[in-house]
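What follows is the content of model27.cif, which has mmCIF, C-alpha atoms:
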```cif
data_work
loop_
_atom_site.label_atom_id
_atom_site.label_comp_id
_atom_site.auth_asym_id
_atom_site.auth_seq_id
_atom_site.Cartn_x
_atom_site.Cartn_y
_atom_site.Cartn_z
CA MET A 70 9.41 7.97 -28.28
CA LYS A 71 6.34 10.07 -27.53
CA LYS A 72 2.99 8.41 -27.07
CA ILE A 73 -0.39 9.89 -27.87
CA ILE A 74 -2.74 9.87 -24.90
CA ASN A 75 -6.35 10.88 -24.47
CA LEU A 76 -7.69 11.92 -21.12
CA THR A 77 -10.42 14.03 -19.60
CA ILE A 78 -9.36 16.78 -17.24
CA ASN A 79 -12.06 18.74 -15.44
CA GLN A 80 -14.58 17.46 -17.98
CA LEU A 81 -12.58 18.69 -20.97
CA ALA A 82 -11.14 16.14 -23.40
CA TYR A 83 -7.43 16.40 -24.12
CA GLU A 84 -5.29 14.64 -26.71
CA THR A 85 -1.59 15.13 -26.29
CA ALA A 86 1.76 13.50 -27.08
CA VAL A 87 3.97 12.76 -24.08
CA GLU A 88 7.34 11.23 -23.36
CA PRO A 89 6.89 8.01 -21.33
CA ASN A 90 9.03 9.39 -18.51
CA LYS A 91 6.74 12.36 -17.87
CA THR A 92 4.59 12.20 -14.75
CA LEU A 93 0.96 13.24 -14.66
CA ALA A 94 1.96 16.13 -12.35
CA ASP A 95 4.41 17.43 -14.96
CA LEU A 96 1.95 16.94 -17.79
CA LEU A 97 -0.60 19.05 -15.91
CA ARG A 98 1.84 21.75 -14.88
CA TYR A 99 4.27 22.12 -17.75
CA ASP A 100 2.40 20.92 -20.84
CA LEU A 101 -1.16 21.93 -20.01
CA LYS A 102 -0.27 24.91 -17.79
CA LEU A 103 -2.64 23.73 -15.06
CA THR A 104 -0.28 24.95 -12.37
CA GLY A 105 -2.86 24.78 -9.58
CA THR A 106 -1.56 21.27 -8.87
CA LYS A 107 1.69 21.72 -6.91
CA LYS A 108 4.79 19.61 -6.62
CA GLY A 109 6.46 19.37 -3.23
CA CYS A 110 8.53 16.29 -2.55
CA ASP A 111 7.96 14.53 -5.91
CA THR A 112 8.12 11.17 -4.08
CA GLY A 113 4.56 10.67 -2.83
CA ASP A 114 5.11 11.85 0.73
CA CYS A 115 3.66 15.39 0.81
CA GLY A 116 0.41 15.22 -1.17
CA ALA A 117 0.81 18.68 -2.77
CA CYS A 118 0.24 17.06 -6.19
CA THR A 119 -3.03 15.33 -5.19
CA VAL A 120 -5.54 15.03 -8.03
CA ILE A 121 -8.62 12.83 -8.33
CA MET A 122 -8.13 10.07 -10.90
CA ASN A 123 -11.18 7.99 -11.87
CA GLY A 124 -12.82 8.99 -8.58
CA ASP A 125 -9.88 8.26 -6.27
CA PRO A 126 -7.31 10.72 -4.95
CA VAL A 127 -3.73 9.93 -6.03
CA ASN A 128 -0.27 11.48 -5.93
CA SER A 129 0.06 12.73 -9.52
CA CYS A 130 3.87 12.75 -9.14
CA LEU A 131 3.75 8.95 -8.93
CA VAL A 132 1.55 8.36 -11.95
CA LEU A 133 3.08 8.38 -15.43
CA ALA A 134 1.16 10.55 -17.88
CA VAL A 135 0.96 7.52 -20.19
CA GLN A 136 -0.72 5.58 -17.38
CA ALA A 137 -3.41 8.25 -17.21
CA ASN A 138 -4.40 7.48 -20.80
CA GLY A 139 -8.19 7.10 -20.90
CA SER A 140 -8.76 8.32 -17.38
CA GLN A 141 -10.87 11.06 -15.81
CA ILE A 142 -8.82 13.60 -13.88
CA GLU A 143 -10.07 16.31 -11.55
CA THR A 144 -7.75 19.12 -10.48
CA VAL A 145 -8.25 22.20 -8.34
CA GLU A 146 -8.88 24.26 -11.50
CA GLY A 147 -12.08 22.32 -12.07
CA LEU A 148 -13.74 23.42 -8.85
CA SER A 149 -14.77 27.02 -9.42
CA THR A 150 -17.63 27.91 -11.75
CA ASP A 151 -18.97 31.11 -13.31
CA GLU A 152 -20.86 31.64 -10.07
CA GLY A 153 -17.65 31.75 -8.07
CA ILE A 154 -15.39 29.53 -6.03
CA HIS A 155 -16.38 26.07 -4.79
CA PRO A 156 -17.89 25.70 -1.27
CA ILE A 157 -14.74 23.81 -0.19
CA GLN A 158 -12.53 26.67 -1.35
CA ASN A 159 -14.86 29.12 0.36
CA ALA A 160 -14.68 27.19 3.64
CA PHE A 161 -10.86 27.21 3.52
CA VAL A 162 -10.92 30.99 3.02
CA GLU A 163 -13.57 31.58 5.70
CA LYS A 164 -11.77 29.49 8.33
CA GLY A 165 -8.33 30.85 7.48
CA ALA A 166 -7.15 27.38 6.54
CA ILE A 167 -4.50 28.86 4.27
CA GLN A 168 -1.16 30.37 5.10
CA CYS A 169 1.47 29.98 2.41
CA GLY A 170 -1.10 28.16 0.29
CA TYR A 171 1.25 25.58 -1.18
CA CYS A 172 -0.52 22.52 0.26
CA THR A 173 -3.97 24.01 -0.36
CA PRO A 174 -4.78 22.55 -3.81
CA GLY A 175 -3.83 19.08 -2.58
CA MET A 176 -5.74 19.54 0.68
CA ILE A 177 -8.79 20.72 -1.24
CA MET A 178 -8.71 17.80 -3.66
CA SER A 179 -8.38 15.35 -0.76
CA THR A 180 -11.29 17.10 0.94
CA LYS A 181 -13.37 16.91 -2.23
CA SER A 182 -12.70 13.20 -2.56
CA LEU A 183 -13.54 12.66 1.11
CA LEU A 184 -16.84 14.57 0.90
CA ASP A 185 -17.80 13.06 -2.47
CA LYS A 186 -17.73 9.63 -0.81
CA ASN A 187 -19.03 10.63 2.61
CA SER A 188 -20.87 13.91 3.11
CA ASN A 189 -20.83 13.62 6.89
CA PRO A 190 -17.38 12.34 7.92
CA SER A 191 -16.52 11.82 11.59
CA GLU A 192 -13.61 13.64 13.19
CA GLN A 193 -11.46 10.56 12.68
CA GLU A 194 -12.50 10.25 9.04
CA ILE A 195 -11.62 13.89 8.39
CA ARG A 196 -8.18 13.41 9.92
CA GLU A 197 -7.63 10.24 7.90
CA GLY A 198 -8.94 11.95 4.77
CA ILE A 199 -6.15 14.52 4.83
CA SER A 200 -3.47 12.24 6.31
CA GLY A 201 -1.76 12.07 2.91
CA ASN A 202 -1.30 15.84 2.76
CA LEU A 203 1.38 17.70 4.66
CA CYS A 204 0.98 21.32 5.74
CA ARG A 205 3.99 23.00 7.33
CA CYS A 206 2.23 26.26 8.30
CA THR A 207 -1.11 25.78 9.94
CA GLY A 208 -0.80 22.87 12.33
CA TYR A 209 -3.90 21.51 10.57
CA THR A 210 -6.37 22.99 13.07
CA LYS A 211 -7.86 25.52 10.66
CA ILE A 212 -7.92 23.00 7.82
CA PHE A 213 -9.76 20.57 10.06
CA GLU A 214 -12.25 23.29 11.03
CA ALA A 215 -12.83 24.18 7.37
CA ILE A 216 -13.67 20.59 6.50
CA GLU A 217 -15.78 20.19 9.64
CA SER A 218 -17.86 23.23 8.60
CA LEU A 219 -18.73 21.47 5.33
CA ARG A 220 -20.32 18.43 6.97
CA SER A 221 -23.94 17.91 5.99
CA MET B 186 13.18 15.29 -10.08
CA LEU B 187 13.32 13.91 -13.57
CA LEU B 188 12.64 10.35 -14.45
CA PRO B 189 15.31 8.77 -16.64
CA LYS B 190 14.31 7.97 -20.20
CA PHE B 191 12.82 4.56 -20.90
CA GLU B 192 10.65 2.78 -23.42
CA PHE B 193 7.10 2.19 -22.22
CA HIS B 194 5.22 -1.02 -22.99
CA GLU B 195 1.63 -1.72 -22.06
CA PRO B 196 0.74 -5.37 -22.75
CA GLY B 197 -2.87 -6.51 -22.48
CA THR B 198 -2.20 -10.09 -21.40
CA ILE B 199 0.18 -11.96 -19.11
CA LYS B 200 1.62 -13.81 -22.11
CA GLU B 201 2.47 -10.57 -23.90
CA ALA B 202 4.05 -9.21 -20.73
CA LEU B 203 6.18 -12.35 -20.40
CA GLU B 204 7.27 -12.17 -24.03
CA LEU B 205 8.40 -8.57 -23.54
CA LYS B 206 10.21 -9.51 -20.32
CA LYS B 207 11.97 -12.40 -22.04
CA LYS B 208 13.04 -10.10 -24.86
CA TRP B 209 14.40 -7.32 -22.65
CA SER B 210 15.31 -9.50 -19.66
CA SER B 211 17.06 -7.61 -16.84
CA THR B 212 16.96 -4.31 -18.74
CA ALA B 213 13.18 -4.26 -18.23
CA ARG B 214 11.08 -3.69 -15.11
CA PHE B 215 7.46 -4.44 -14.45
CA LEU B 216 5.44 -1.41 -13.35
CA ALA B 217 2.45 -2.08 -11.08
CA GLY B 218 1.37 0.77 -8.77
CA GLY B 219 4.61 2.68 -9.28
CA THR B 220 4.68 4.08 -5.75
CA ASP B 221 8.10 2.52 -5.11
CA LEU B 222 9.44 1.99 -8.63
CA LEU B 223 8.98 5.61 -9.77
CA VAL B 224 10.56 6.92 -6.56
CA HIS B 225 13.56 4.63 -7.01
CA LEU B 226 13.93 5.69 -10.64
CA LYS B 227 13.70 9.38 -9.74
CA LYS B 228 16.33 8.98 -7.05
CA LYS B 229 18.53 7.02 -9.48
CA ILE B 230 18.62 4.07 -7.09
CA ILE B 231 17.76 1.86 -10.03
CA THR B 232 17.82 2.33 -13.78
CA THR B 233 15.92 0.56 -16.49
CA ASP B 234 15.63 0.81 -20.28
CA HIS B 235 12.14 -0.64 -20.51
CA ILE B 236 9.07 -0.30 -18.36
CA ILE B 237 6.42 -2.97 -18.82
CA SER B 238 3.19 -1.66 -17.32
CA LEU B 239 0.86 -4.31 -15.92
CA GLN B 240 -2.02 -1.87 -15.49
CA LYS B 241 -3.97 -3.05 -18.54
CA ILE B 242 -3.89 -6.75 -17.61
CA GLU B 243 -7.24 -7.11 -15.89
CA ALA B 244 -6.66 -10.68 -14.70
CA LEU B 245 -3.86 -9.44 -12.46
CA SER B 246 -6.04 -7.18 -10.34
CA GLN B 247 -8.88 -9.59 -9.59
CA ILE B 248 -9.70 -10.89 -6.11
CA ARG B 249 -11.50 -14.20 -6.20
CA ASP B 250 -13.24 -15.97 -3.32
CA ASN B 251 -13.03 -19.74 -3.91
CA LYS B 252 -14.66 -20.47 -0.49
CA ASP B 253 -11.80 -22.71 0.69
CA SER B 254 -9.27 -20.08 -0.38
CA VAL B 255 -9.04 -16.56 -1.71
CA GLU B 256 -6.90 -15.56 -4.67
CA ILE B 257 -5.56 -12.03 -4.76
CA GLY B 258 -4.12 -10.75 -8.03
CA ALA B 259 -0.66 -9.20 -7.79
CA CYS B 260 -1.91 -5.87 -9.13
CA ALA B 261 -4.84 -5.54 -6.72
CA THR B 262 -4.34 -2.21 -4.98
CA MET B 263 -4.18 -1.90 -1.21
CA ALA B 264 -7.41 0.14 -1.33
CA LYS B 265 -9.18 -2.56 -3.34
CA ILE B 266 -8.02 -5.36 -1.01
CA SER B 267 -9.11 -3.36 2.03
CA GLY B 268 -12.59 -2.85 0.60
CA THR B 269 -13.19 -6.47 -0.42
CA PRO B 270 -15.82 -8.14 1.82
CA VAL B 271 -14.07 -11.54 2.13
CA ILE B 272 -10.84 -9.84 3.22
CA LYS B 273 -12.70 -7.76 5.83
CA GLU B 274 -14.53 -10.80 7.17
CA LYS B 275 -11.92 -13.54 7.11
CA PHE B 276 -8.48 -11.95 6.74
CA SER B 277 -8.60 -9.09 9.23
CA ALA B 278 -4.82 -9.08 9.81
CA LEU B 279 -4.23 -8.64 6.08
CA LYS B 280 -6.78 -5.81 5.99
CA SER B 281 -4.96 -4.17 8.85
CA GLY B 282 -1.63 -4.61 7.02
CA VAL B 283 -2.80 -3.06 3.77
CA ASP B 284 -4.61 -0.26 5.65
CA ASN B 285 -1.37 0.77 7.30
CA LEU B 286 0.75 1.04 4.18
CA GLY B 287 1.75 4.57 3.19
CA THR B 288 -1.10 7.08 2.96
CA HIS B 289 -4.56 6.61 1.47
CA LEU B 290 -3.28 8.36 -1.67
CA ILE B 291 -0.51 5.76 -1.96
CA ARG B 292 -2.93 2.91 -1.18
CA ASN B 293 -5.06 3.89 -4.19
CA ARG B 294 -2.08 3.02 -6.42
CA ALA B 295 0.22 0.64 -4.49
CA THR B 296 -0.28 -3.06 -5.18
CA ILE B 297 0.23 -6.12 -3.01
CA GLY B 298 2.45 -7.71 -5.65
CA GLY B 299 4.66 -4.63 -5.62
CA ASN B 300 4.89 -4.69 -1.84
CA VAL B 301 5.96 -8.34 -1.92
CA THR B 302 8.43 -8.14 -4.81
CA ASN B 303 10.07 -5.09 -3.23
CA ALA B 304 10.73 -7.44 -0.31
CA SER B 305 11.35 -4.78 2.31
CA PRO B 306 11.80 -6.44 5.72
CA ALA B 307 9.37 -3.79 6.99
CA GLY B 308 6.72 -4.29 4.26
CA ASP B 309 3.24 -3.81 5.69
CA SER B 310 1.41 -6.64 3.94
CA LEU B 311 4.13 -9.26 4.43
CA PRO B 312 3.62 -10.49 8.02
CA ALA B 313 -0.08 -11.09 7.33
CA LEU B 314 0.71 -13.03 4.16
CA LEU B 315 3.09 -15.19 6.22
CA ILE B 316 0.59 -16.03 8.96
CA TYR B 317 -2.19 -16.78 6.47
CA LYS B 318 0.13 -19.26 4.70
CA ALA B 319 -0.02 -17.45 1.37
CA VAL B 320 1.19 -19.29 -1.68
CA VAL B 321 2.99 -17.13 -4.22
CA LEU B 322 1.79 -17.70 -7.79
CA LEU B 323 4.42 -17.18 -10.48
CA GLU B 324 4.30 -17.60 -14.22
CA SER B 325 6.84 -17.71 -17.03
CA LEU B 326 6.59 -18.69 -20.69
CA ASP B 327 7.63 -22.19 -19.58
CA GLY B 328 4.68 -22.58 -17.21
CA LYS B 329 3.36 -21.83 -13.75
CA ARG B 330 5.12 -22.21 -10.41
CA GLU B 331 3.88 -21.98 -6.81
CA ILE B 332 6.01 -21.37 -3.76
CA PRO B 333 5.12 -20.83 -0.07
CA ILE B 334 5.67 -17.18 0.80
CA GLU B 335 8.17 -18.04 3.55
CA GLU B 336 10.53 -19.39 0.90
CA PHE B 337 10.03 -16.41 -1.38
CA PHE B 338 12.05 -13.77 0.48
CA LYS B 339 15.81 -14.05 0.13
CA GLY B 340 16.98 -10.76 1.66
CA PRO B 341 16.20 -7.04 1.61
CA GLY B 342 14.90 -6.38 -1.92
CA LYS B 343 15.66 -9.96 -2.97
CA THR B 344 13.17 -12.67 -3.83
CA ASP B 345 13.02 -16.08 -5.45
CA MET B 346 11.40 -14.61 -8.60
CA LYS B 347 13.41 -15.36 -11.73
CA VAL B 348 14.17 -12.72 -14.33
CA ASP B 349 11.75 -14.23 -16.87
CA GLU B 350 8.92 -14.69 -14.34
CA ILE B 351 5.94 -12.59 -13.39
CA LEU B 352 4.20 -12.64 -10.03
CA THR B 353 0.54 -13.19 -10.83
CA GLY B 354 -0.88 -13.30 -7.32
CA PHE B 355 -1.37 -15.11 -4.03
CA ARG B 356 -3.60 -17.89 -2.79
CA LEU B 357 -4.56 -17.77 0.87
CA PRO B 358 -6.40 -20.72 2.41
CA THR B 359 -9.54 -19.60 4.24
CA PRO B 360 -8.83 -19.66 7.99
CA PRO B 361 -10.69 -22.38 9.95
CA ALA B 362 -13.44 -21.80 12.53
CA HIS B 363 -12.28 -20.81 16.04
CA SER B 364 -9.31 -18.95 14.63
CA GLY B 365 -8.34 -15.31 14.63
CA ALA B 366 -5.46 -13.11 13.57
CA HIS B 367 -4.17 -9.65 14.28
CA TYR B 368 -1.50 -7.25 13.02
CA ILE B 369 0.17 -4.35 14.79
CA GLN B 370 2.69 -2.00 13.24
CA LEU B 371 4.82 0.35 15.22
CA GLY B 372 6.18 3.49 13.61
CA LYS B 373 6.92 7.04 14.67
CA ARG B 374 3.70 8.38 13.19
CA LYS B 375 0.53 6.81 11.87
CA SER B 376 0.62 7.81 8.23
CA SER B 377 3.32 7.37 5.60
CA GLU B 378 5.76 5.63 7.90
CA ILE B 379 8.31 2.86 7.55
CA ASN B 380 7.79 0.43 10.41
CA VAL B 381 10.18 0.08 13.34
CA VAL B 382 8.62 -3.27 14.20
CA ASN B 383 5.55 -4.98 12.72
CA VAL B 384 4.06 -8.23 13.98
CA ALA B 385 1.17 -10.45 12.87
CA SER B 386 -0.17 -13.46 14.75
CA PHE B 387 -2.64 -16.20 13.90
CA LEU B 388 -4.21 -18.49 16.46
CA GLU B 389 -6.60 -21.45 16.28
CA PHE B 390 -7.91 -23.01 19.46
CA ASP B 391 -10.19 -25.80 20.64
CA PRO B 392 -13.22 -24.12 22.27
CA LYS B 393 -13.80 -27.10 24.61
CA THR B 394 -10.32 -27.45 26.08
CA LYS B 395 -9.11 -23.88 25.31
CA LYS B 396 -5.93 -25.48 24.02
CA ILE B 397 -4.05 -23.80 21.16
CA LEU B 398 -4.21 -26.06 18.10
CA ASN B 399 -2.25 -23.96 15.71
CA THR B 400 -0.44 -20.66 15.76
CA ARG B 401 1.70 -18.67 13.39
CA ILE B 402 3.62 -15.53 14.30
CA ALA B 403 5.41 -13.33 11.78
CA LEU B 404 7.88 -10.60 12.66
CA GLY B 405 8.77 -7.70 10.37
CA SER B 406 11.67 -5.22 10.48
CA VAL B 407 13.76 -7.43 12.79
CA ALA B 408 15.72 -9.54 10.27
CA ALA B 409 16.83 -9.40 6.63
CA THR B 410 13.38 -10.62 5.59
CA PRO B 411 10.07 -10.90 7.42
CA ILE B 412 10.39 -14.09 9.49
CA ARG B 413 8.27 -16.60 11.36
CA ALA B 414 8.82 -16.79 15.13
CA LEU B 415 9.08 -20.57 15.02
CA LYS B 416 10.34 -21.10 18.58
CA ALA B 417 7.55 -18.99 20.03
CA GLU B 418 5.06 -20.90 17.89
CA ALA B 419 6.43 -24.26 19.11
CA LEU B 420 6.09 -23.13 22.71
CA LEU B 421 2.41 -22.33 22.25
CA LYS B 422 1.41 -25.69 20.76
CA ASP B 423 -1.15 -27.42 23.03
CA LYS B 424 -0.87 -24.69 25.66
CA ILE B 425 -3.99 -23.12 27.12
CA ALA B 426 -4.88 -19.92 25.26
CA GLU B 427 -4.44 -17.31 27.97
CA GLU B 428 -2.46 -14.19 28.77
CA ALA B 429 0.37 -16.10 30.51
CA SER B 430 1.01 -18.26 27.42
CA PHE B 431 1.01 -15.22 25.16
CA TYR B 432 3.48 -13.47 27.45
CA LYS B 433 5.83 -16.46 27.36
CA ALA B 434 5.60 -16.62 23.56
CA GLY B 435 6.51 -12.92 23.42
CA GLU B 436 9.54 -13.58 25.58
CA ILE B 437 10.74 -16.39 23.30
CA ALA B 438 10.10 -14.32 20.17
CA ARG B 439 12.06 -11.46 21.74
CA THR B 440 15.03 -13.45 22.95
CA GLU B 441 15.32 -16.31 20.45
CA ASP B 442 13.43 -15.65 17.23
CA CYS B 443 14.30 -12.12 16.15
CA LYS B 444 17.61 -10.77 14.88
CA PRO B 445 17.20 -6.98 14.78
CA ILE B 446 19.85 -4.41 13.95
CA ASP B 447 20.42 -0.80 15.04
CA ASP B 448 19.48 1.84 12.50
CA PHE B 449 18.17 5.39 12.44
CA ARG B 450 14.59 4.22 12.96
CA GLY B 451 15.30 2.40 16.19
CA SER B 452 17.89 0.46 18.16
CA ALA B 453 18.12 -3.31 18.12
CA ALA B 454 17.37 -3.36 21.86
CA TYR B 455 14.18 -1.32 21.41
CA ARG B 456 13.07 -3.48 18.49
CA ARG B 457 13.67 -6.61 20.55
CA ALA B 458 11.63 -5.25 23.45
CA MET B 459 8.79 -4.33 21.11
CA VAL B 460 8.79 -7.79 19.51
CA GLY B 461 7.96 -9.14 22.97
CA VAL B 462 5.15 -6.65 23.52
CA LEU B 463 3.61 -6.86 20.06
CA THR B 464 3.77 -10.65 19.92
CA LYS B 465 1.85 -10.84 23.18
CA ARG B 466 -0.69 -8.22 22.10
CA THR B 467 -1.33 -9.64 18.64
CA LEU B 468 -1.84 -13.13 20.11
CA ALA B 469 -4.24 -11.82 22.73
CA THR B 470 -6.32 -9.99 20.11
CA ALA B 471 -6.17 -12.97 17.73
CA PHE B 472 -7.55 -15.14 20.54
CA GLU B 473 -10.28 -12.62 21.30
CA LEU B 474 -11.29 -12.61 17.63
CA ALA B 475 -11.11 -16.40 17.47
CA GLY B 476 -13.69 -16.64 20.27
CA LYS B 477 -16.24 -14.56 18.35
#
```

So, in terms of structure tokens, how does the structure I just supplied come out?
Amino acid sequence: MKKIINLTINQLAYETAVEPNKTLADLLRYDLKLTGTKKGCDTGDCGACTVIMNGDPVNSCLVLAVQANGSQIETVEGLSTDEGIHPIQNAFVEKGAIQCGYCTPGMIMSTKSLLDKNSNPSEQEIREGISGNLCRCTGYTKIFEAIESLRS
Amino acid sequence: MLLPKFEFHEPGTIKEALELKKKWSSTARFLAGGTDLLVHLKKKIITTDHIISLQKIEALSQIRDNKDSVEIGACATMAKISGTPVIKEKFSALKSGVDNLGTHLIRNRATIGGNVTNASPAGDSLPALLIYKAVVLLESLDGKREIPIEEFFKGPGKTDMKVDEILTGFRLPTPPAHSGAHYIQLGKRKSSEINVVNVASFLEFDPKTKKILNTRIALGSVAATPIRALKAEALLKDKIAEEASFYKAGEIARTEDCKPIDDFRGSAAYRRAMVGVLTKRTLATAFELAGK
């Protein structure tokens, strides 16, 4: 039986009916068409589905949509404004931290969470901050450089 | 991957959760962090008709410092435990255990109660719970029950928890002065890894005589459940706390206490060798910390 849930995604309030066996990742992608959030492994190993939930980054493939009832969600779609793309997105572009792009939304959300909590992370903290996100193209060097360039 | 269909229940109290569990019995599962349960459901390793979410039961995620002990709610996340001052100050081996589980994304959801009830021999928080003498707190509609954590594990994925019970948390006595503990996990990579061997050691010594008063060593991934290295512990009693004693304890743990098997993560021989090394290293660091 479907359940009605209320949640805030990128500062917009949503009310929607979901089956209990739908994950937050599928709610975002298939019901709300917010396809910026990717699905890779679907088992919490790759981090492609990373979103920020109530201030903490999580694997949205391992959260039921019904569990997100009442929560604040941030996805990659929430980053750009009328003025243009977010400084994190810009840094990824500038440093060439993107190849196929599939891990990028997850990487960027992990980066946002890292920098929201610590605007000047050490090298170790940067590496730990993206340790939940796999990239099979870049070898991480460019991604690391992009995040490093954002340090205050 | 699709999740199978199930009914979703979200009780607000432990009593309501227990009533639902009694009603649906083995056709229902408790959902805490979901980082294992949802994966197992997706992969069709387990099935269930009812999911009883514990997320809304606030009492289950509290961490309380009672001075002589600390109580950790079963639904406290790994991230929350890691960030709690009393855990950082007095239970460093547990902090190290929860910091090594999965990735930081997983640790924001995964709970200590889930880690324990999953009862993986390689579980990251389990050796620390063993060396800190954690008491498992269980509750059913008939009342409360406490059991030492060493008696809780019955095999891979098997525990002493009854079908109508809920794990509410753990009570860990505060370690005495002149004691220290340390945890080391060995895997193929640092993040998101299932351990090949994981060892935690606790040591209390007399600063005047340097004699070891008390020690507890727990070995993970080398038996059907996490185990205590009782023979190594016995050897250390009243010995002088020094490198040579720690080495000997490692040798006993390696040759007599552990019962590893070969699997795709590592051979039994390698695991055995690493039990020796990690036992020695965790004891040495525990001693160093005890002296501070």

Any chance you could tabulate, as CSV, the residues of chain A at most 12 Å from chain B with each one's nearest atom pair and distance in Å to one decimal, using only C-alpha atoms, in chain and rising number order?
```
residue,atom,partner,partner_atom,distance
A:Met70,CA,B:Glu192,CA,7.2
A:Lys71,CA,B:Glu192,CA,9.4
A:Lys72,CA,B:Phe193,CA,8.9
A:Val87,CA,B:Phe193,CA,11.2
A:Glu88,CA,B:Lys190,CA,8.3
A:Pro89,CA,B:Phe193,CA,5.9
A:Asn90,CA,B:Leu188,CA,5.5
A:Lys91,CA,B:Leu188,CA,7.1
A:Thr92,CA,B:Leu188,CA,8.3
A:Ala94,CA,B:Met186,CA,11.5
A:Asp95,CA,B:Leu187,CA,9.7
A:Lys108,CA,B:Met186,CA,10.1
A:Gly109,CA,B:Met186,CA,10.4
A:Cys110,CA,B:Met186,CA,8.9
A:Asp111,CA,B:Met186,CA,6.7
A:Thr112,CA,B:Val224,CA,5.5
A:Gly113,CA,B:Ile291,CA,7.1
A:Asp114,CA,B:Ser377,CA,6.9
A:Cys115,CA,B:Ser377,CA,9.3
A:Gly116,CA,B:Leu290,CA,7.8
A:Ala117,CA,B:Leu290,CA,11.2
A:Cys118,CA,B:Leu290,CA,10.4
A:Thr119,CA,B:Leu290,CA,7.8
A:Val120,CA,B:Leu290,CA,9.5
A:Ile121,CA,B:Leu290,CA,9.6
A:Met122,CA,B:Asn293,CA,9.6
A:Asn123,CA,B:Asn293,CA,10.6
A:Gly124,CA,B:Asn293,CA,10.3
A:Asp125,CA,B:Asn293,CA,6.8
A:Pro126,CA,B:Leu290,CA,5.7
A:Val127,CA,B:Leu290,CA,4.7
A:Asn128,CA,B:Leu290,CA,6.1
A:Ser129,CA,B:Leu290,CA,9.6
A:Cys130,CA,B:Leu223,CA,8.8
A:Leu131,CA,B:Thr220,CA,5.9
A:Val132,CA,B:Gly219,CA,7.0
A:Leu133,CA,B:Gly219,CA,8.5
A:Ala134,CA,B:Phe193,CA,11.1
A:Val135,CA,B:Phe193,CA,8.4
A:Gln136,CA,B:Gln240,CA,7.8
A:Ala137,CA,B:Gln240,CA,10.4
A:Asn138,CA,B:Lys241,CA,10.8
A:Gly139,CA,B:Lys241,CA,11.2
A:Gly175,CA,B:Leu290,CA,10.8
A:Met176,CA,B:Leu290,CA,11.7
A:Met178,CA,B:Leu290,CA,11.1
A:Ser179,CA,B:Leu290,CA,8.7
A:Ser182,CA,B:Leu290,CA,10.6
A:Leu183,CA,B:His289,CA,10.8
A:Glu194,CA,B:His289,CA,11.6
A:Arg196,CA,B:Ser376,CA,10.6
A:Glu197,CA,B:His289,CA,8.0
A:Gly198,CA,B:His289,CA,7.7
A:Ile199,CA,B:His289,CA,8.7
A:Ser200,CA,B:Ser376,CA,6.3
A:Gly201,CA,B:Thr288,CA,5.0
A:Asn202,CA,B:Thr288,CA,8.8
A:Leu203,CA,B:Ser376,CA,10.5
```

I'd like the residues picked by the PyMOL selection byres ((chain B and resi 444-450) around 8) written out as a CSV table (one decimal) with C-alpha atoms, in the frame of the given file, using the chain letters and numbers from the file.
```
chain,number,residue,atom,x,y,z
B,381,VAL,CA,10.2,0.1,13.3
B,406,SER,CA,11.7,-5.2,10.5
B,407,VAL,CA,13.8,-7.4,12.8
B,408,ALA,CA,15.7,-9.5,10.3
B,442,ASP,CA,13.4,-15.6,17.2
B,443,CYS,CA,14.3,-12.1,16.2
B,451,GLY,CA,15.3,2.4,16.2
B,452,SER,CA,17.9,0.5,18.2
B,453,ALA,CA,18.1,-3.3,18.1
B,454,ALA,CA,17.4,-3.4,21.9
B,456,ARG,CA,13.1,-3.5,18.5
B,457,ARG,CA,13.7,-6.6,20.6
```

query: Can you list what the PyMOL selection byres ((chain A and resi 191) around 12) grabs from this structure, as a PyMOL selection string?
result: chain A and resi 183-184+187-190+192-198+213+216-221

Preceding selection exported with C-alpha atoms as a PDB file, keeping the file's coordinate frame:
```pdb
ATOM      1  CA  LEU A 183     -13.540  12.660   1.110  1.00  0.00           C
ATOM      2  CA  LEU A 184     -16.840  14.570   0.900  1.00  0.00           C
ATOM      3  CA  ASN A 187     -19.030  10.630   2.610  1.00  0.00           C
ATOM      4  CA  SER A 188     -20.870  13.910   3.110  1.00  0.00           C
ATOM      5  CA  ASN A 189     -20.830  13.620   6.890  1.00  0.00           C
ATOM      6  CA  PRO A 190     -17.380  12.340   7.920  1.00  0.00           C
ATOM      7  CA  GLU A 192     -13.610  13.640  13.190  1.00  0.00           C
ATOM      8  CA  GLN A 193     -11.460  10.560  12.680  1.00  0.00           C
ATOM      9  CA  GLU A 194     -12.500  10.250   9.040  1.00  0.00           C
ATOM     10  CA  ILE A 195     -11.620  13.890   8.390  1.00  0.00           C
ATOM     11  CA  ARG A 196      -8.180  13.410   9.920  1.00  0.00           C
ATOM     12  CA  GLU A 197      -7.630  10.240   7.900  1.00  0.00           C
ATOM     13  CA  GLY A 198      -8.940  11.950   4.770  1.00  0.00           C
ATOM     14  CA  PHE A 213      -9.760  20.570  10.060  1.00  0.00           C
ATOM     15  CA  ILE A 216     -13.670  20.590   6.500  1.00  0.00           C
ATOM     16  CA  GLU A 217     -15.780  20.190   9.640  1.00  0.00           C
ATOM     17  CA  SER A 218     -17.860  23.230   8.600  1.00  0.00           C
ATOM     18  CA  LEU A 219     -18.730  21.470   5.330  1.00  0.00           C
ATOM     19  CA  ARG A 220     -20.320  18.430   6.970  1.00  0.00           C
ATOM     20  CA  SER A 221     -23.940  17.910   5.990  1.00  0.00           C
TER      21      SER A 221
END
```

Can you spit out region 384-388 of chain B with C-alpha atoms, as a short mmCIF file (atom, residue, chain, number, x, y, z; two decimals), in the first residue's frame, from the structure just given?
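Written file, decode_7.cif:
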```
data_model
loop_
_atom_site.label_atom_id
_atom_site.label_comp_id
_atom_site.auth_asym_id
_atom_site.auth_seq_id
_atom_site.Cartn_x
_atom_site.Cartn_y
_atom_site.Cartn_z
CA VAL B 384 41.81 -7.61 16.47
CA ALA B 385 41.07 -5.53 19.56
CA SER B 386 43.00 -5.64 22.83
CA PHE B 387 42.43 -4.16 26.27
CA LEU B 388 45.11 -3.93 28.93
#
```
